[in-house]
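Raw contents of work34.cif, mmCIF, C-alpha atoms:
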```
data_input
#
loop_
_atom_site.label_atom_id
_atom_site.label_comp_id
_atom_site.auth_asym_id
_atom_site.auth_seq_id
_atom_site.Cartn_x
_atom_site.Cartn_y
_atom_site.Cartn_z
CA MET A 195 14.43 9.76 23.83
CA THR A 196 13.28 6.52 22.19
CA ASP A 197 10.21 5.26 20.36
CA LEU A 198 11.66 2.08 18.92
CA ASP A 199 9.16 -0.32 20.48
CA SER A 200 6.02 1.73 19.84
CA THR A 201 6.30 2.42 16.14
CA PHE A 202 7.04 -0.78 14.21
CA PRO A 203 5.56 -1.57 11.82
CA LEU A 204 4.36 1.67 10.29
CA THR A 205 1.83 1.56 7.47
CA PHE A 206 2.77 3.69 4.46
CA THR A 207 0.37 5.44 2.13
CA LEU A 208 1.24 6.54 -1.42
CA THR A 209 0.33 9.80 -3.11
CA PRO A 210 1.60 9.47 -6.70
CA SER A 211 3.31 12.49 -8.20
CA GLU A 212 1.40 14.25 -10.97
CA THR A 213 4.67 15.47 -12.51
CA VAL A 214 6.59 12.21 -12.96
CA ARG A 215 9.43 12.75 -15.42
CA ALA A 216 8.94 11.15 -18.81
CA GLU A 217 11.13 8.13 -19.52
CA VAL A 218 13.19 10.01 -22.10
CA GLU A 219 13.95 12.79 -19.60
CA ARG A 220 14.82 10.32 -16.86
CA GLU A 221 17.11 8.34 -19.15
CA ALA A 222 18.91 11.54 -20.17
CA ILE A 223 19.53 12.33 -16.50
CA LEU A 224 20.73 8.79 -15.75
CA ALA A 225 23.18 8.98 -18.64
CA ASP A 226 25.06 11.78 -16.87
CA PRO A 227 23.70 12.19 -13.33
CA GLY A 228 26.67 13.77 -11.56
CA PHE A 229 26.13 13.74 -7.80
CA GLY A 230 23.32 15.34 -5.82
CA LYS A 231 22.02 17.40 -8.75
CA HIS A 232 18.85 15.53 -9.75
CA PHE A 233 16.21 13.94 -7.54
CA THR A 234 13.60 11.25 -8.01
CA ASP A 235 9.88 11.88 -8.34
CA HIS A 236 8.91 10.96 -4.77
CA MET A 237 10.12 11.13 -1.19
CA VAL A 238 9.23 9.50 2.13
CA LYS A 239 7.79 11.49 5.02
CA ILE A 240 7.07 10.29 8.57
CA ASP A 241 5.90 12.61 11.35
CA TRP A 242 6.68 12.38 15.04
CA THR A 243 5.17 14.19 18.02
CA VAL A 244 5.87 13.74 21.69
CA ASN A 245 2.29 12.55 22.30
CA ASP A 246 1.72 10.31 19.27
CA GLY A 247 5.18 8.98 18.44
CA TRP A 248 5.87 8.11 14.80
CA HIS A 249 2.82 8.32 12.54
CA ASP A 250 1.47 9.30 9.09
CA ALA A 251 4.14 7.41 7.14
CA ALA A 252 3.78 8.27 3.48
CA VAL A 253 5.41 8.31 0.06
CA ILE A 254 4.59 11.69 -1.45
CA PRO A 255 5.65 13.75 -4.47
CA TYR A 256 9.14 15.20 -4.19
CA GLY A 257 8.95 18.90 -3.52
CA PRO A 258 9.78 21.84 -1.23
CA LEU A 259 9.12 21.66 2.50
CA LEU A 260 7.06 24.34 4.20
CA LEU A 261 8.79 25.50 7.40
CA ASP A 262 7.73 28.07 9.92
CA PRO A 263 10.47 30.70 10.48
CA ALA A 264 10.48 29.62 14.12
CA ALA A 265 11.16 25.95 13.32
CA SER A 266 13.63 24.68 15.92
CA VAL A 267 16.09 23.29 13.38
CA LEU A 268 16.71 26.76 11.94
CA HIS A 269 17.82 28.08 15.31
CA TYR A 270 19.31 25.16 17.24
CA ALA A 271 20.47 22.79 14.46
CA GLN A 272 18.63 19.74 15.80
CA GLU A 273 19.19 17.66 12.67
CA ILE A 274 20.74 14.34 11.64
CA PHE A 275 21.07 12.38 8.40
CA GLU A 276 22.35 9.22 6.75
CA GLY A 277 23.73 8.26 3.36
CA LEU A 278 23.60 4.94 1.54
CA LYS A 279 23.19 3.65 -1.99
CA ALA A 280 20.91 1.44 -4.05
CA TYR A 281 22.71 -0.74 -6.61
CA ARG A 282 21.30 -2.26 -9.80
CA HIS A 283 22.54 -5.82 -10.20
CA ALA A 284 23.04 -7.54 -13.54
CA ASP A 285 19.62 -9.25 -13.35
CA GLY A 286 17.90 -5.88 -12.88
CA SER A 287 17.21 -6.30 -9.15
CA VAL A 288 17.90 -3.45 -6.71
CA TRP A 289 19.91 -3.90 -3.52
CA THR A 290 21.44 -1.82 -0.76
CA PHE A 291 24.40 -2.43 1.52
CA ARG A 292 24.14 -3.00 5.29
CA PRO A 293 21.17 -0.66 5.85
CA GLU A 294 20.80 -1.96 9.40
CA LYS A 295 24.12 -0.29 10.21
CA ASN A 296 22.86 3.02 8.87
CA ALA A 297 19.67 2.61 10.92
CA GLU A 298 21.66 1.92 14.07
CA ARG A 299 23.89 4.95 13.44
CA LEU A 300 20.84 7.14 12.86
CA GLN A 301 19.54 5.95 16.22
CA ARG A 302 22.84 6.83 17.92
CA SER A 303 22.84 10.23 16.22
CA ALA A 304 19.25 10.76 17.36
CA ARG A 305 20.15 10.02 20.97
CA ARG A 306 23.02 12.52 20.86
CA LEU A 307 20.87 15.26 19.29
CA ALA A 308 17.88 14.58 21.58
CA LEU A 309 15.72 13.42 18.66
CA PRO A 310 13.36 10.43 18.58
CA GLU A 311 14.73 7.11 17.38
CA LEU A 312 13.23 5.37 14.35
CA SER A 313 13.27 1.56 14.49
CA THR A 314 15.59 -0.35 12.20
CA GLU A 315 12.60 -2.09 10.62
CA ASP A 316 10.84 1.19 9.83
CA PHE A 317 14.08 2.68 8.51
CA VAL A 318 14.62 -0.20 6.08
CA GLU A 319 10.95 -0.19 5.09
CA SER A 320 11.17 3.52 4.27
CA LEU A 321 13.91 2.70 1.75
CA LYS A 322 11.85 -0.09 0.20
CA GLN A 323 8.81 2.16 -0.07
CA LEU A 324 10.78 4.82 -1.95
CA ILE A 325 12.25 2.23 -4.34
CA ALA A 326 8.76 0.81 -4.92
CA ALA A 327 7.77 4.23 -6.24
CA ASP A 328 11.04 5.28 -7.89
CA GLY A 329 12.91 2.08 -8.71
CA SER A 330 13.26 3.15 -12.33
CA TRP A 331 15.66 5.86 -11.12
CA VAL A 332 18.32 3.32 -10.10
CA PRO A 333 20.91 3.51 -12.91
CA GLU A 334 22.79 0.56 -14.33
CA GLY A 335 26.32 0.08 -15.58
CA GLY A 336 29.73 0.92 -14.17
CA GLU A 337 29.80 2.20 -10.60
CA THR A 338 26.57 4.17 -10.90
CA SER A 339 24.01 4.03 -8.11
CA LEU A 340 21.02 5.75 -6.55
CA TYR A 341 22.25 7.74 -3.56
CA ILE A 342 19.67 7.65 -0.75
CA ARG A 343 19.57 10.40 1.89
CA PRO A 344 17.39 9.77 4.97
CA PHE A 345 17.27 12.75 7.33
CA MET A 346 15.45 13.94 10.42
CA PHE A 347 15.01 17.41 11.88
CA ALA A 348 13.09 19.36 14.51
CA ASN A 349 10.20 21.19 12.86
CA GLU A 350 8.38 22.42 15.92
CA SER A 351 7.69 26.17 15.85
CA PHE A 352 9.18 27.07 19.20
CA LEU A 353 12.14 29.24 20.24
CA GLY A 354 12.67 27.81 23.70
CA VAL A 355 15.95 25.98 24.15
CA ARG A 356 14.85 22.37 24.64
CA SER A 357 14.51 19.26 22.52
CA ALA A 358 11.72 19.62 19.99
CA GLN A 359 8.35 17.94 20.49
CA LYS A 360 7.63 17.76 16.77
CA VAL A 361 10.00 16.13 14.27
CA GLY A 362 9.96 15.08 10.63
CA TYR A 363 11.81 12.17 9.02
CA TYR A 364 12.30 12.20 5.25
CA VAL A 365 14.03 10.13 2.60
CA ILE A 366 15.07 11.57 -0.75
CA ALA A 367 17.15 9.99 -3.49
CA SER A 368 19.47 11.18 -6.23
CA PRO A 369 21.06 9.17 -9.07
CA ALA A 370 24.85 9.22 -8.87
CA GLY A 371 27.50 8.65 -11.51
CA ALA A 372 30.80 6.93 -10.85
CA TYR A 373 32.87 8.81 -8.26
CA PHE A 374 35.99 8.24 -10.39
CA PRO A 375 34.63 8.33 -13.97
CA GLY A 376 38.12 8.13 -15.44
CA GLY A 377 39.36 5.44 -13.07
CA VAL A 378 40.47 5.56 -9.44
CA THR A 379 43.16 8.20 -8.91
CA PRO A 380 45.21 8.73 -5.73
CA VAL A 381 44.70 12.12 -4.09
CA SER A 382 46.64 14.47 -1.85
CA ILE A 383 44.99 15.67 1.35
CA TRP A 384 45.59 18.74 3.51
CA LEU A 385 46.33 18.66 7.25
CA SER A 386 44.25 21.23 9.12
CA THR A 387 46.11 22.62 12.13
CA ASP A 388 43.94 25.69 12.80
CA TYR A 389 40.57 23.96 12.92
CA ALA A 390 39.06 20.92 14.63
CA ARG A 391 36.18 18.87 13.27
CA ALA A 392 34.74 18.06 16.71
CA GLY A 393 35.66 18.18 20.38
CA ARG A 394 35.66 15.67 23.21
CA GLY A 395 32.10 15.14 24.38
CA GLY A 396 30.76 16.95 21.31
CA THR A 397 28.81 15.66 18.33
CA GLY A 398 31.69 14.15 16.33
CA ALA A 399 30.31 10.62 16.53
CA ALA A 400 26.87 11.76 15.33
CA LYS A 401 26.06 12.29 11.67
CA THR A 402 24.75 15.81 12.05
CA GLY A 403 25.00 18.73 9.66
CA GLY A 404 26.91 20.97 12.06
CA ASN A 405 29.96 18.71 11.86
CA TYR A 406 30.04 19.14 8.10
CA ALA A 407 29.42 22.87 8.30
CA SER A 408 32.50 23.27 10.50
CA SER A 409 34.60 21.37 7.94
CA LEU A 410 33.74 23.61 4.97
CA LEU A 411 36.20 26.42 5.69
CA PRO A 412 39.20 24.09 6.18
CA GLN A 413 38.04 22.20 3.09
CA GLU A 414 38.37 25.45 1.12
CA GLU A 415 41.90 25.73 2.54
CA ALA A 416 42.62 22.23 1.24
CA TYR A 417 41.41 23.16 -2.26
CA ALA A 418 43.56 26.29 -2.19
CA ASN A 419 46.59 24.08 -1.54
CA GLY A 420 45.83 21.65 -4.35
CA CYS A 421 44.33 18.96 -2.16
CA ALA A 422 41.11 16.99 -2.54
CA GLN A 423 40.24 16.62 1.14
CA VAL A 424 41.12 17.88 4.60
CA LEU A 425 42.38 15.77 7.52
CA PHE A 426 41.63 16.78 11.10
CA LEU A 427 43.55 16.11 14.29
CA ASP A 428 42.03 15.73 17.76
CA SER A 429 40.96 19.02 19.31
CA SER A 430 42.50 18.50 22.76
CA GLU A 431 46.14 17.79 21.90
CA GLY A 432 46.39 18.23 18.15
CA THR A 433 48.43 15.02 18.09
CA TYR A 434 46.15 12.20 17.02
CA LEU A 435 44.51 11.58 13.65
CA GLU A 436 40.74 11.88 13.59
CA GLU A 437 39.14 11.66 10.14
CA LEU A 438 38.76 13.52 6.88
CA GLY A 439 35.92 15.96 6.27
CA GLY A 440 33.61 13.05 5.46
CA MET A 441 35.72 9.89 5.36
CA ASN A 442 37.65 7.53 7.65
CA VAL A 443 41.35 6.90 7.10
CA PHE A 444 43.58 3.78 7.12
CA LEU A 445 47.35 3.29 7.20
CA VAL A 446 48.72 0.04 5.75
CA LYS A 447 52.02 -1.25 7.14
CA LYS A 448 54.56 -3.29 5.22
CA ASP A 449 53.66 -6.41 7.22
CA GLY A 450 50.04 -6.08 6.01
CA THR A 451 48.64 -4.62 9.23
CA LEU A 452 45.87 -2.04 8.79
CA VAL A 453 45.66 0.79 11.32
CA THR A 454 42.66 3.11 11.64
CA PRO A 455 42.22 5.89 14.21
CA GLU A 456 40.04 5.42 17.28
CA SER A 457 38.36 8.36 19.00
CA SER A 458 35.04 9.13 20.67
CA SER A 459 34.62 12.01 18.22
CA ILE A 460 35.05 9.96 15.01
CA LEU A 461 31.97 8.93 13.03
CA ASP A 462 31.53 5.17 13.03
CA GLY A 463 31.77 4.47 9.30
CA VAL A 464 29.83 1.62 7.72
CA THR A 465 32.37 1.37 4.90
CA ARG A 466 35.23 1.43 7.42
CA ASP A 467 33.72 -1.39 9.46
CA SER A 468 33.15 -3.44 6.31
CA ILE A 469 36.77 -3.00 5.21
CA ILE A 470 37.93 -4.10 8.65
CA GLU A 471 35.91 -7.31 8.33
CA LEU A 472 37.12 -8.00 4.79
CA ALA A 473 40.75 -7.44 5.79
CA LYS A 474 40.47 -9.72 8.81
CA ALA A 475 38.88 -12.43 6.67
CA ARG A 476 42.02 -12.30 4.48
CA GLY A 477 44.20 -12.79 7.53
CA HIS A 478 45.33 -9.18 7.97
CA LYS A 479 45.79 -7.79 11.45
CA VAL A 480 43.67 -4.68 12.02
CA GLU A 481 44.43 -2.16 14.77
CA HIS A 482 41.68 0.28 15.76
CA ARG A 483 43.49 2.65 18.12
CA LYS A 484 44.86 6.13 18.60
CA VAL A 485 47.23 7.07 15.77
CA THR A 486 49.63 10.00 15.92
CA LEU A 487 50.61 12.20 13.03
CA ASP A 488 54.24 11.25 13.74
CA GLU A 489 53.42 7.57 13.26
CA TRP A 490 52.26 8.33 9.74
CA ARG A 491 55.16 10.67 8.98
CA ASP A 492 57.86 8.43 10.46
CA GLY A 493 56.29 5.31 8.99
CA VAL A 494 56.42 6.68 5.46
CA ALA A 495 60.01 7.85 5.97
CA SER A 496 61.14 4.44 7.26
CA GLY A 497 59.11 2.41 4.77
CA ASP A 498 56.95 0.88 7.51
CA VAL A 499 53.80 2.61 6.17
CA VAL A 500 53.39 1.56 2.54
CA GLU A 501 49.81 2.59 1.69
CA VAL A 502 47.22 5.07 2.96
CA PHE A 503 43.58 5.30 1.95
CA ALA A 504 40.30 6.91 2.95
CA CYS A 505 36.86 5.32 2.81
CA GLY A 506 33.24 6.38 2.85
CA THR A 507 29.90 5.77 1.16
CA ALA A 508 30.35 8.09 -1.83
CA ALA A 509 33.84 7.11 -3.03
CA VAL A 510 33.99 3.71 -1.28
CA VAL A 511 37.81 3.71 -1.11
CA THR A 512 40.11 6.57 -2.16
CA PRO A 513 43.89 6.00 -2.27
CA ILE A 514 45.88 8.77 -0.59
CA ALA A 515 49.22 9.55 -2.23
CA ALA A 516 50.39 12.34 0.06
CA LEU A 517 49.55 14.40 3.12
CA LYS A 518 50.40 18.07 2.77
CA GLY A 519 50.66 20.72 5.46
CA ASP A 520 52.30 24.04 6.16
CA GLY A 521 55.85 23.50 4.93
CA PHE A 522 55.82 19.70 4.66
CA VAL A 523 54.71 16.79 2.50
CA VAL A 524 54.37 13.19 3.69
CA GLY A 525 54.47 10.74 0.81
CA ASP A 526 54.70 11.26 -2.93
CA PRO A 527 51.85 13.15 -4.66
CA ASP A 528 52.58 11.16 -7.84
CA ALA A 529 52.60 7.74 -6.20
CA PRO A 530 50.28 5.08 -7.66
CA ALA A 531 47.44 3.51 -5.70
CA GLY A 532 48.47 0.74 -3.32
CA GLU A 533 47.84 -2.88 -4.20
CA LEU A 534 45.93 -3.76 -1.01
CA THR A 535 43.95 -0.52 -1.20
CA MET A 536 42.70 -1.33 -4.68
CA SER A 537 42.13 -5.00 -3.91
CA LEU A 538 39.91 -4.20 -0.93
CA ARG A 539 38.05 -1.60 -2.96
CA GLN A 540 37.42 -4.12 -5.73
CA GLU A 541 36.17 -6.76 -3.32
CA LEU A 542 33.80 -4.35 -1.58
CA THR A 543 32.32 -2.95 -4.79
CA ASP A 544 32.01 -6.47 -6.23
CA ILE A 545 29.87 -7.40 -3.23
CA GLN A 546 27.76 -4.26 -3.52
CA TYR A 547 27.06 -4.77 -7.22
CA GLY A 548 26.44 -8.52 -6.88
CA ARG A 549 29.49 -9.57 -8.89
CA ILE A 550 30.70 -11.97 -6.18
CA PRO A 551 28.77 -13.90 -3.50
CA ASP A 552 27.66 -11.96 -0.43
CA VAL A 553 28.97 -14.44 2.13
CA ASN A 554 28.48 -11.98 5.01
CA GLY A 555 24.79 -11.34 4.34
CA TRP A 556 25.39 -7.60 3.94
CA LEU A 557 22.98 -6.98 1.06
CA THR A 558 19.26 -6.22 1.41
CA ARG A 559 16.98 -6.37 -1.60
CA LEU A 560 14.85 -3.24 -1.92
CA ASP A 561 12.57 -4.08 -4.84
CA ALA A 562 10.97 -7.24 -3.47
#
```

structure tokens encoding of this file:
Amino acid sequence: MTDLDSTFPLTFTLTPSETVRAEVEREAILADPGFGKHFTDHMVKIDWTVNDGWHDAAVIPYGPLLLDPAASVLHYAQEIFEGLKAYRHADGSVWTFRPEKNAERLQRSARRLALPELSTEDFVESLKQLIAADGSWVPEGGETSLYIRPFMFANESFLGVRSAQKVGYYVIASPAGAYFPGGVTPVSIWLSTDYARAGRGGTGAAKTGGNYASSLLPQEEAYANGCAQVLFLDSSEGTYLEELGGMNVFLVKKDGTLVTPESSSILDGVTRDSIIELAKARGHKVEHRKVTLDEWRDGVASGDVVEVFACGTAAVVTPIAALKGDGFVVGDPDAPAGELTMSLRQELTDIQYGRIPDVNGWLTRLDA
């Protein structure tokens, strides 16, 4: 299902909110935003129907959605989403990082979930339209940002088991504080052996809510064992590394080689791909291939694996000190963050916040 050629460019209308937060209230929120707790005054909405394609693009007041109890998404989980950030640069301008990659991933997710595809141009324009209305919500200072959540779901009122003929696309935004307010700290993660994140031929490579729902129970198991995240293995053999509940993983070898798992059921991470490019530009060899649990375990024991880290939009890069499982620990829970891990993290965040030149052309200005 595709509507890429028939929709661009959409024309957006604006309905200003009558309950815009006062500046003093907004500033109080931005001083301590947390993550995903507060939302801006407006949101983007675009409708799609099988006969008319994408239409009625609008920026409207943020507020509850009215859904029929028979809406397809409530019964068959036909839903996808994205996550990216808006960054305030030192000159006050607002930028985002590689939004075309998020648009392309949303399109791939849409194909897998039998949803209509939104063009890259319309996707990026939807971000710009929201910032035009709510740019004052982008915080400044430290590693703060405005987290942007585009999402799409089937809202047709129909209980037949088929792809929906009526869909809504929305964009909401939430100011976010620094992921590591006290400084980046290495974490321990838990190996899940009883649960799989996704199966071969399933929806693992799509950014759909069901994948995250299936990770919540093993995530609780990780918390119960003193770990910050859960790591999944492949569902067929239980041998190969897949990804964390919401992040990709890298092993760093003593010769400087970076290794990251390859699988058809792993989400193609924008942060992961960016780290691969930055590492290659420094002259590091990067291997994107199947990685066994034993390679990690044996590599740490022999000294061949010297650093491990996870990456994703929210935390950017998180150093991993140890992998814990039933009756074993790989690594040292008290180990400091690796030098290459932190160097790559610094370079990536420096690009995002405009502190160093964007030689790759990864940044897109949203407020111009």

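In this structure, atom CA of A:Ile274 sits 29.7 Å away from atom CA of A:Asp544.
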
*asked:* Translate the PyMOL selection byres ((chain A and resi 302) around 12) into a concrete residue list for this structure, as number ranges by chain.
replied: A: 195-196, 274-276, 295-301, 303-314, 397-402, 461-462

Serialized selection, C-alpha atoms, as a PDB file, keeping the file's coordinate frame:
```pdb
ATOM      1  CA  MET A 195      14.430   9.760  23.830  1.00  0.00           C
ATOM      2  CA  THR A 196      13.280   6.520  22.190  1.00  0.00           C
ATOM      3  CA  ILE A 274      20.740  14.340  11.640  1.00  0.00           C
ATOM      4  CA  PHE A 275      21.070  12.380   8.400  1.00  0.00           C
ATOM      5  CA  GLU A 276      22.350   9.220   6.750  1.00  0.00           C
ATOM      6  CA  LYS A 295      24.120  -0.290  10.210  1.00  0.00           C
ATOM      7  CA  ASN A 296      22.860   3.020   8.870  1.00  0.00           C
ATOM      8  CA  ALA A 297      19.670   2.610  10.920  1.00  0.00           C
ATOM      9  CA  GLU A 298      21.660   1.920  14.070  1.00  0.00           C
ATOM     10  CA  ARG A 299      23.890   4.950  13.440  1.00  0.00           C
ATOM     11  CA  LEU A 300      20.840   7.140  12.860  1.00  0.00           C
ATOM     12  CA  GLN A 301      19.540   5.950  16.220  1.00  0.00           C
ATOM     13  CA  SER A 303      22.840  10.230  16.220  1.00  0.00           C
ATOM     14  CA  ALA A 304      19.250  10.760  17.360  1.00  0.00           C
ATOM     15  CA  ARG A 305      20.150  10.020  20.970  1.00  0.00           C
ATOM     16  CA  ARG A 306      23.020  12.520  20.860  1.00  0.00           C
ATOM     17  CA  LEU A 307      20.870  15.260  19.290  1.00  0.00           C
ATOM     18  CA  ALA A 308      17.880  14.580  21.580  1.00  0.00           C
ATOM     19  CA  LEU A 309      15.720  13.420  18.660  1.00  0.00           C
ATOM     20  CA  PRO A 310      13.360  10.430  18.580  1.00  0.00           C
ATOM     21  CA  GLU A 311      14.730   7.110  17.380  1.00  0.00           C
ATOM     22  CA  LEU A 312      13.230   5.370  14.350  1.00  0.00           C
ATOM     23  CA  SER A 313      13.270   1.560  14.490  1.00  0.00           C
ATOM     24  CA  THR A 314      15.590  -0.350  12.200  1.00  0.00           C
ATOM     25  CA  THR A 397      28.810  15.660  18.330  1.00  0.00           C
ATOM     26  CA  GLY A 398      31.690  14.150  16.330  1.00  0.00           C
ATOM     27  CA  ALA A 399      30.310  10.620  16.530  1.00  0.00           C
ATOM     28  CA  ALA A 400      26.870  11.760  15.330  1.00  0.00           C
ATOM     29  CA  LYS A 401      26.060  12.290  11.670  1.00  0.00           C
ATOM     30  CA  THR A 402      24.750  15.810  12.050  1.00  0.00           C
ATOM     31  CA  LEU A 461      31.970   8.930  13.030  1.00  0.00           C
ATOM     32  CA  ASP A 462      31.530   5.170  13.030  1.00  0.00           C
TER      33      ASP A 462
END
```

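Among A:Arg549, A:Lys479, A:Lys447, A:Lys518, the residue with the shortest atom-to-atom distance to A:Gly493, counting all atoms listed in the file, is A:Lys447.
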
*Apply the PyMOL selection byres ((chain A and resi 253) around 9) to the file shown and report the selected residues as a PyMOL selection string.*
chain A and resi 206-210+236-240+251-252+254-256+320+323-324+327

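Taken over the shown file, the PyMOL selection byres ((chain A and resi 291) around 7) identifies A:Trp289, A:Thr290, A:Arg292, A:Pro293, A:Gln546, A:Trp556, A:Leu557, A:Thr558.
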
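The environment of A:Ala416 within 10 Å, counting all atoms listed in the file and disregarding residues fewer than 2 places along the same chain, consists of Ser382, Ile383, Trp384, Leu385, Ser386, Leu410, Leu411, Pro412, Gln413, Glu414, Ala418, Asn419, Gly420, Cys421, Ala422, Gln423, Val424, Leu425, Lys518 and Gly519 of chain A.
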
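Pairwise distance (atom CA of A:Ala390, atom CA of A:Val443) equals 16.1 Å.
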
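Here atom CA of A:Glu533 is placed at a distance of 19.5 Å from atom CA of A:Ile550.
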
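Restricting the calculation to all atoms listed in the file, the smallest distance between A:Leu517 and any of A:Gly440, A:Glu212, A:Val381, A:Pro530 is found for A:Val381.
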
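You can rank A:Val214, A:Met536, A:Ala392, A:Val502 by their closest distance to A:Asp328 using all atoms listed in the file, and at the top of that list sits A:Val214.
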
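Nearest-residue note for A:Val267: choosing from A:Phe352, A:Tyr434, A:Tyr281, A:Trp248, the minimum distance belongs to A:Phe352, counting all atoms listed in the file.
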
Could you give me, as a Markdown table, a per-residue list for stretch 486-560 of chain A showing, wherever an atom lies at most 12 Å from an atom of stretch 330-341 of chain A, the closest pair of atoms and their distance in Å to one decimal, using only C-alpha atoms and sorting by chain then residue number from low to high?
```
| residue | atom | partner | partner_atom | distance |
| --- | --- | --- | --- | --- |
| A:Thr507 | CA | A:Tyr341 | CA | 9.2 |
| A:Ala508 | CA | A:Tyr341 | CA | 8.3 |
| A:Ala509 | CA | A:Glu337 | CA | 9.9 |
| A:Val510 | CA | A:Glu337 | CA | 10.3 |
| A:Arg539 | CA | A:Glu337 | CA | 11.9 |
| A:Gln540 | CA | A:Glu337 | CA | 11.0 |
| A:Leu542 | CA | A:Glu337 | CA | 11.8 |
| A:Thr543 | CA | A:Glu337 | CA | 8.2 |
| A:Asp544 | CA | A:Glu337 | CA | 10.0 |
| A:Gln546 | CA | A:Glu337 | CA | 9.8 |
| A:Tyr547 | CA | A:Glu337 | CA | 8.2 |
| A:Gly548 | CA | A:Glu337 | CA | 11.8 |
| A:Arg549 | CA | A:Gly336 | CA | 11.7 |
| A:Leu560 | CA | A:Val332 | CA | 11.0 |
```

*Write out as a PyMOL selection string the residues lying within 8 Å of A:Arg466, counting all atoms listed in the file and excluding same-chain residues fewer than 3 positions away.*
chain A and resi 442+462-463+469-470+505-506

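Near A:Gly450, within a cut-off of 9 Å and counting only C-alpha atoms, sit the residues Val446, Lys447, Lys448, Leu452, His478, Lys479, Val480 and Leu534 of chain A, with same-chain residues fewer than 2 positions away left out.
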
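With distances taken over all atoms listed in the file, A:Trp490 is the one residue among A:Phe317, A:Tyr373, A:Trp242, A:Trp490 lying closest to A:Phe444.
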
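With distances restricted to all atoms listed in the file, A:Ala475 is the closest residue to A:Val553 from A:Val511, A:Val499, A:Ala475, A:Leu487.
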